[in-house]
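Structure first, commentary second.
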Amino acid sequence: MPELPEVETVANELNHKLKNRKVADVEIRAAKIVGVGPATLSPKRSIPPGVVEKFKKIVLGQKFVSVRRRAKLLIFDLSGPWSMLVHLKMTGQFIFEDKILRKATGGQYRLLNKKDAPKVALPAKHTHVIFYFADKSVLYFNDVRKFGYLKLVHDTEVGKVREFLEYGPEPLDKKFTLPAFLTQVKKRPKGKIKQVLMDNKVVVGIGNIYSDEILFHAKVRPTRKVSSLKPNELVAIYRAIGPVLKKGIKAKGSSVGDFVRTDGSWGGMGKFHFVYGRKGQKCKKCGSVIQVVKLGGRTGSYCPKCQV
DNA sequence: TTCAATGTTTAGAC
DNA sequence: GGTCTAAACATTGA
């Protein structure tokens with residue numbers, strides 16, 4: 001699933017690949033995916049009339065200036081006074097294709113993470129938005145579950161987007177200091193540490209995979225209440241966050257679920273997982289069997305010997 | 001046929 | 001308001 005390292009990977013790759021490309025046409029095959037304006041695109045919202053036409057009108061003729069990341073949101077800066085905010089949620093994918101890539105892949109891409117899943121040609125069943133560029137390159141947005149969204153926001157209104165207003169600090173930012181972390185975490189003394197780490201108000205970008213991995217490295221069980229954590233344990237958690245996320249970025253993300261890079265290839269983080277997705281397997285450090293526990297409908301994986 | 005998976009929002013209970 | 005739980009969103013695969 002895309003968490004901070006996966007979204008960072010997509011942002012970096014698209015920033016490089018889309019720079020200065022001009023949109024010649026947009027094809028929107030699922031209206032619920034797109035939006036115009038700062039309002040949150042909640043699942044149950046009704047689709048505003050004319051949103052597809054509005055979206056197209058704004059984007060046509062625009063150039064992509066840059067792509068960056070805030071939390072798990074992608075921010076595409078357009079040459080006009082508009083930005084496009086994209087959330088991949090759980091299964092969103094971007095695949096960029098130019099002549100060279102098409103030649104290299106034969107136009108066949110991986111869209112699923114199953115080892116034996118056949119590669120498919122794009123656009124595919126779950127391709128919902130397609131950007132055609134003036135130089136004949138193409139950007140596909142795929143999303144099996146349609147939870148993701150592409151939202152155009154006028155540059156003067158980006159500050160009004162609720163997601164941004166509620167986000168806590170970026171974990172890799174210099175402002176994310178130990179005291180800042182402790183202040184945030186201690187606001188939630190009764191919360192379980194894994195859920196607190198995944199709360200975007202505390203720190204952004206950490207989801208199920210990386211919270212499990214961070215807690216393994218900190219030797220703390222996911223179910224521990226914040227109030228029960230000793231100072232040295234909180235410090236260990238804080239110190240694990242940066243290195244674990246940076247390792248994920250270096251590996252170009254973790255291909256669990258449907259995450260793929262923008263050329264359709266898989267990220268390499270999966271083989272570095274110590275606990276996530278390893279239920280029933282042996283701990284890489286001590287050989288104990290990895291256990292799972294339910295936390296508010298989510299699964300937490302941990303080593304019963306390494307984590308206290 | 002039912003259930004789990006996943007990120008996020010929303011609603012309701014205490 | 002903090003905290004917890006469950007439901008909703010769409011789809012697939014076990």
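Identifiers in the structure tokens: chain A, B, ... in order shown; residue index from 1 per chain; ligand index from 1 in order shown.
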> Looking only at the backbone, which of the residues in region 100-187 of chain A does DSSP tag as helix (DSSP H, G or I), as a PyMOL selection string?
Replying inline: chain A and resi 100-105+155-160+162-166+178-185
> Which neighbours of DG2 (chain C) fall inside 10 Å, counting only C-alpha atoms (C1' of nucleotides), when residues of the same chain fewer than 5 positions from it are skipped, and could you give them as JSON, numbers by chain?
Replying inline: {"A": [187, 188, 189, 190, 191]}
Got time to write the residues from that selection, C-alpha atoms, as a PDB file, in the first residue's frame?
ATOM      1  CA  LYS A 187      -1.589  14.028  23.873  1.00  0.00           C
ATOM      2  CA  ARG A 188      -2.827  10.502  23.326  1.00  0.00           C
ATOM      3  CA  PRO A 189      -1.824   8.730  26.602  1.00  0.00           C
ATOM      4  CA  LYS A 190      -4.571   6.134  26.340  1.00  0.00           C
ATOM      5  CA  GLY A 191      -3.997   5.365  22.672  1.00  0.00           C
TER       6      GLY A 191
END
> For chain C, which residues have at least one atom within 7 Å of chain A, if we go by only C-alpha atoms (C1' of nucleotides)? Write them as number ranges by chain, please.
Replying inline: C: 5, 9-11
Please write the residues from the selection above to a file, keeping C-alpha atoms (C1' of nucleotides), as a CSV table (one decimal), in the first residue's frame.
chain,number,residue,atom,x,y,z
C,5,DT,C1',-15.6,0.5,17.5
C,9,DC,C1',-16.2,3.1,0.1
C,10,DA,C1',-14.9,-1.3,-4.4
C,11,DT,C1',-12.9,-5.3,-5.5
Using only C-alpha atoms (C1' of nucleotides), what does the table of chain B residues within 7 Å of chain A look like, with each row giving the shortest atom pair and its distance in Å to one decimal, sorted by chain and ascending number, as a tab-separated table?
residue	atom	partner	partner_atom	distance
B:DT6	C1'	A:Met90	CA	5.5
B:DG7	C1'	A:Lys89	CA	5.2
B:DT9	C1'	A:Ser42	CA	6.7
Could you write out that same residue set with N, CA, C and O atoms (P, O5', C5', C4', C3', O3' and C1' of nucleotides) as a CSV table (one decimal), in the first residue's frame?
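Saved result, selection09.csv, follows:
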chain,number,residue,atom,x,y,z
B,6,DT,P,-3.5,-5.2,5.8
B,6,DT,O5',-3.7,-3.7,5.2
B,6,DT,C5',-3.2,-3.4,3.9
B,6,DT,C4',-3.9,-2.2,3.3
B,6,DT,C3',-4.2,-1.1,4.3
B,6,DT,O3',-3.3,0.0,4.0
B,6,DT,C1',-6.1,-1.6,3.1
B,7,DG,P,-3.0,1.1,5.1
B,7,DG,O5',-3.9,2.3,4.5
B,7,DG,C5',-3.5,2.9,3.3
B,7,DG,C4',-4.3,4.2,3.1
B,7,DG,C3',-4.2,5.2,4.3
B,7,DG,O3',-4.2,6.5,3.7
B,7,DG,C1',-6.4,4.5,4.0
B,9,DT,P,-9.1,11.9,6.1
B,9,DT,O5',-10.6,11.6,6.2
B,9,DT,C5',-11.3,11.5,4.9
B,9,DT,C4',-12.8,11.1,5.2
B,9,DT,C3',-13.4,12.0,6.3
B,9,DT,O3',-14.7,12.3,5.8
B,9,DT,C1',-13.7,9.7,6.9
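For the pair CA of Gly35 (chain A) and CA of Lys56 (chain A), the interatomic distance is 10.6 Å.
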> Contacts of Ala240 (chain A) at 12 Å or less, counting only C-alpha atoms (C1' of nucleotides), minus same-chain residues fewer than 5 places along, as a PyMOL selection string?
Replying inline: chain A and resi 171-172+178+197+210-220+233-235+245-247
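As for CA of Tyr132 (chain A) and CA of Ile95 (chain A), they are spaced 12.2 Å apart.
Our summary of the geometry notes that CA of Asn142 (chain A) is positioned 14.1 Å from CA of Val26 (chain A).
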What's the 10 Å shell around DC3 (chain B), counting only C-alpha atoms (C1' of nucleotides), without same-chain residues fewer than 2 positions away, as an mmCIF file with C-alpha atoms (C1' of nucleotides), in the first residue's frame?
data_model
loop_
_atom_site.group_PDB
_atom_site.id
_atom_site.type_symbol
_atom_site.label_atom_id
_atom_site.label_comp_id
_atom_site.auth_asym_id
_atom_site.auth_seq_id
_atom_site.Cartn_x
_atom_site.Cartn_y
_atom_site.Cartn_z
ATOM 1 C "C1'" DT B 1 -20.651 -17.787 0.664
ATOM 2 C "C1'" DA B 5 -7.226 -6.639 3.174
ATOM 3 C "C1'" DA C 14 -8.751 -17.195 -0.328
#
> Hey, what's within 7 Å of Thr223 (chain A) if we count only C-alpha atoms (C1' of nucleotides) and toss same-chain stuff fewer than 6 positions away? As a ChimeraX atom specification, please?
Replying inline: /A:192-194
>> For region 303-307 of chain A, find every residue with an atom within 10 Å (counting only C-alpha atoms (C1' of nucleotides)), except residues of its own chain fewer than 5 positions away, and show them as number ranges by chain.
In response: A: 215-222, 274-275, 278-279, 281-292
Could the residues in this selection be written to a file with N, CA, C and O atoms, as an mmCIF file, in the first residue's frame?
data_model
loop_
_atom_site.group_PDB
_atom_site.id
_atom_site.type_symbol
_atom_site.label_atom_id
_atom_site.label_comp_id
_atom_site.auth_asym_id
_atom_site.auth_seq_id
_atom_site.Cartn_x
_atom_site.Cartn_y
_atom_site.Cartn_z
ATOM 1 N N LEU A 215 8.029 -0.116 14.931
ATOM 2 C CA LEU A 215 7.904 -0.667 16.288
ATOM 3 C C LEU A 215 8.788 -1.896 16.488
ATOM 4 O O LEU A 215 9.285 -2.125 17.588
ATOM 5 N N PHE A 216 9.001 -2.647 15.429
ATOM 6 C CA PHE A 216 9.933 -3.781 15.558
ATOM 7 C C PHE A 216 11.334 -3.267 15.872
ATOM 8 O O PHE A 216 12.003 -3.748 16.784
ATOM 9 N N HIS A 217 11.756 -2.253 15.123
ATOM 10 C CA HIS A 217 13.105 -1.720 15.345
ATOM 11 C C HIS A 217 13.238 -1.061 16.708
ATOM 12 O O HIS A 217 14.313 -1.036 17.284
ATOM 13 N N ALA A 218 12.111 -0.552 17.219
ATOM 14 C CA ALA A 218 12.141 0.087 18.543
ATOM 15 C C ALA A 218 11.934 -0.931 19.665
ATOM 16 O O ALA A 218 11.998 -0.575 20.846
ATOM 17 N N LYS A 219 11.677 -2.200 19.276
ATOM 18 C CA LYS A 219 11.467 -3.276 20.255
ATOM 19 C C LYS A 219 10.246 -3.043 21.146
ATOM 20 O O LYS A 219 10.253 -3.348 22.344
ATOM 21 N N VAL A 220 9.207 -2.476 20.569
ATOM 22 C CA VAL A 220 7.982 -2.183 21.323
ATOM 23 C C VAL A 220 6.797 -2.851 20.629
ATOM 24 O O VAL A 220 6.669 -2.775 19.405
ATOM 25 N N ARG A 221 5.944 -3.483 21.397
ATOM 26 C CA ARG A 221 4.757 -4.132 20.801
ATOM 27 C C ARG A 221 3.721 -3.090 20.366
ATOM 28 O O ARG A 221 3.531 -2.087 21.045
ATOM 29 N N PRO A 222 3.019 -3.365 19.269
ATOM 30 C CA PRO A 222 2.050 -2.393 18.734
ATOM 31 C C PRO A 222 0.908 -2.081 19.694
ATOM 32 O O PRO A 222 0.288 -1.026 19.597
ATOM 33 N N PHE A 274 10.686 -6.894 8.433
ATOM 34 C CA PHE A 274 10.980 -7.788 9.551
ATOM 35 C C PHE A 274 9.716 -8.443 10.087
ATOM 36 O O PHE A 274 9.742 -9.576 10.534
ATOM 37 N N VAL A 275 8.603 -7.700 10.068
ATOM 38 C CA VAL A 275 7.380 -8.254 10.642
ATOM 39 C C VAL A 275 6.154 -8.160 9.729
ATOM 40 O O VAL A 275 5.375 -9.104 9.635
ATOM 41 N N ARG A 278 4.478 -11.053 7.659
ATOM 42 C CA ARG A 278 5.263 -12.258 7.917
ATOM 43 C C ARG A 278 4.643 -13.137 9.001
ATOM 44 O O ARG A 278 5.345 -13.927 9.638
ATOM 45 N N LYS A 279 3.365 -13.009 9.203
ATOM 46 C CA LYS A 279 2.662 -13.837 10.190
ATOM 47 C C LYS A 279 2.997 -15.313 9.999
ATOM 48 O O LYS A 279 2.937 -15.828 8.884
ATOM 49 N N GLN A 281 5.781 -16.724 10.091
ATOM 50 C CA GLN A 281 7.161 -16.960 9.680
ATOM 51 C C GLN A 281 8.102 -16.661 10.850
ATOM 52 O O GLN A 281 7.711 -16.073 11.838
ATOM 53 N N LYS A 282 9.362 -17.052 10.680
ATOM 54 C CA LYS A 282 10.319 -16.861 11.770
ATOM 55 C C LYS A 282 10.900 -15.460 11.774
ATOM 56 O O LYS A 282 11.232 -14.899 10.729
ATOM 57 N N CYS A 283 11.026 -14.906 12.975
ATOM 58 C CA CYS A 283 11.662 -13.593 13.144
ATOM 59 C C CYS A 283 13.085 -13.667 12.606
ATOM 60 O O CYS A 283 13.826 -14.603 12.889
ATOM 61 N N LYS A 284 13.452 -12.651 11.815
ATOM 62 C CA LYS A 284 14.782 -12.636 11.208
ATOM 63 C C LYS A 284 15.890 -12.437 12.240
ATOM 64 O O LYS A 284 17.048 -12.687 11.964
ATOM 65 N N LYS A 285 15.517 -11.976 13.429
ATOM 66 C CA LYS A 285 16.543 -11.745 14.451
ATOM 67 C C LYS A 285 16.655 -12.880 15.464
ATOM 68 O O LYS A 285 17.742 -13.235 15.882
ATOM 69 N N CYS A 286 15.491 -13.418 15.883
ATOM 70 C CA CYS A 286 15.568 -14.403 16.975
ATOM 71 C C CYS A 286 14.937 -15.748 16.637
ATOM 72 O O CYS A 286 15.039 -16.689 17.422
ATOM 73 N N GLY A 287 14.247 -15.834 15.510
ATOM 74 C CA GLY A 287 13.674 -17.121 15.113
ATOM 75 C C GLY A 287 12.299 -17.421 15.684
ATOM 76 O O GLY A 287 11.691 -18.418 15.339
ATOM 77 N N SER A 288 11.801 -16.553 16.559
ATOM 78 C CA SER A 288 10.439 -16.752 17.086
ATOM 79 C C SER A 288 9.424 -16.597 15.961
ATOM 80 O O SER A 288 9.711 -15.990 14.937
ATOM 81 N N VAL A 289 8.231 -17.126 16.185
ATOM 82 C CA VAL A 289 7.185 -17.031 15.159
ATOM 83 C C VAL A 289 6.477 -15.674 15.267
ATOM 84 O O VAL A 289 6.040 -15.279 16.340
ATOM 85 N N ILE A 290 6.378 -14.984 14.133
ATOM 86 C CA ILE A 290 5.738 -13.658 14.101
ATOM 87 C C ILE A 290 4.241 -13.801 14.363
ATOM 88 O O ILE A 290 3.567 -14.637 13.757
ATOM 89 N N GLN A 291 3.737 -12.975 15.267
ATOM 90 C CA GLN A 291 2.332 -13.016 15.662
ATOM 91 C C GLN A 291 1.586 -11.811 15.079
ATOM 92 O O GLN A 291 2.214 -10.825 14.704
ATOM 93 N N VAL A 292 0.249 -11.918 15.044
ATOM 94 C CA VAL A 292 -0.543 -10.749 14.671
ATOM 95 C C VAL A 292 -1.574 -10.449 15.748
ATOM 96 O O VAL A 292 -1.973 -11.323 16.516
#
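All residues of region 121-273 of chain A that DSSP, run on the backbone, classes as strand (DSSP E or B) are Ala121, Thr127, His128, Val129, Ile130, Phe131, Tyr132, Phe133, Val138, Leu139, Tyr140, Phe141, Asn142, Asp143, Tyr149, Leu150, Lys151, Leu152, Val153, His154, Lys192 and Lys225 of chain A.
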>> When you look at Tyr109 (chain A) with a cut-off of 8 Å (counting only C-alpha atoms (C1' of nucleotides)), what residues show up, excluding the ones that are within fewer than 6 positions of it in the same chain? I need them as a PyMOL selection string.
In response: chain A and resi 119-122+263-265
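Counting only C-alpha atoms and comparing A:Pro81, A:Gly253, A:Gly268, A:Pro38, the residue that lies closest to Val59 (chain A) is A:Pro81.
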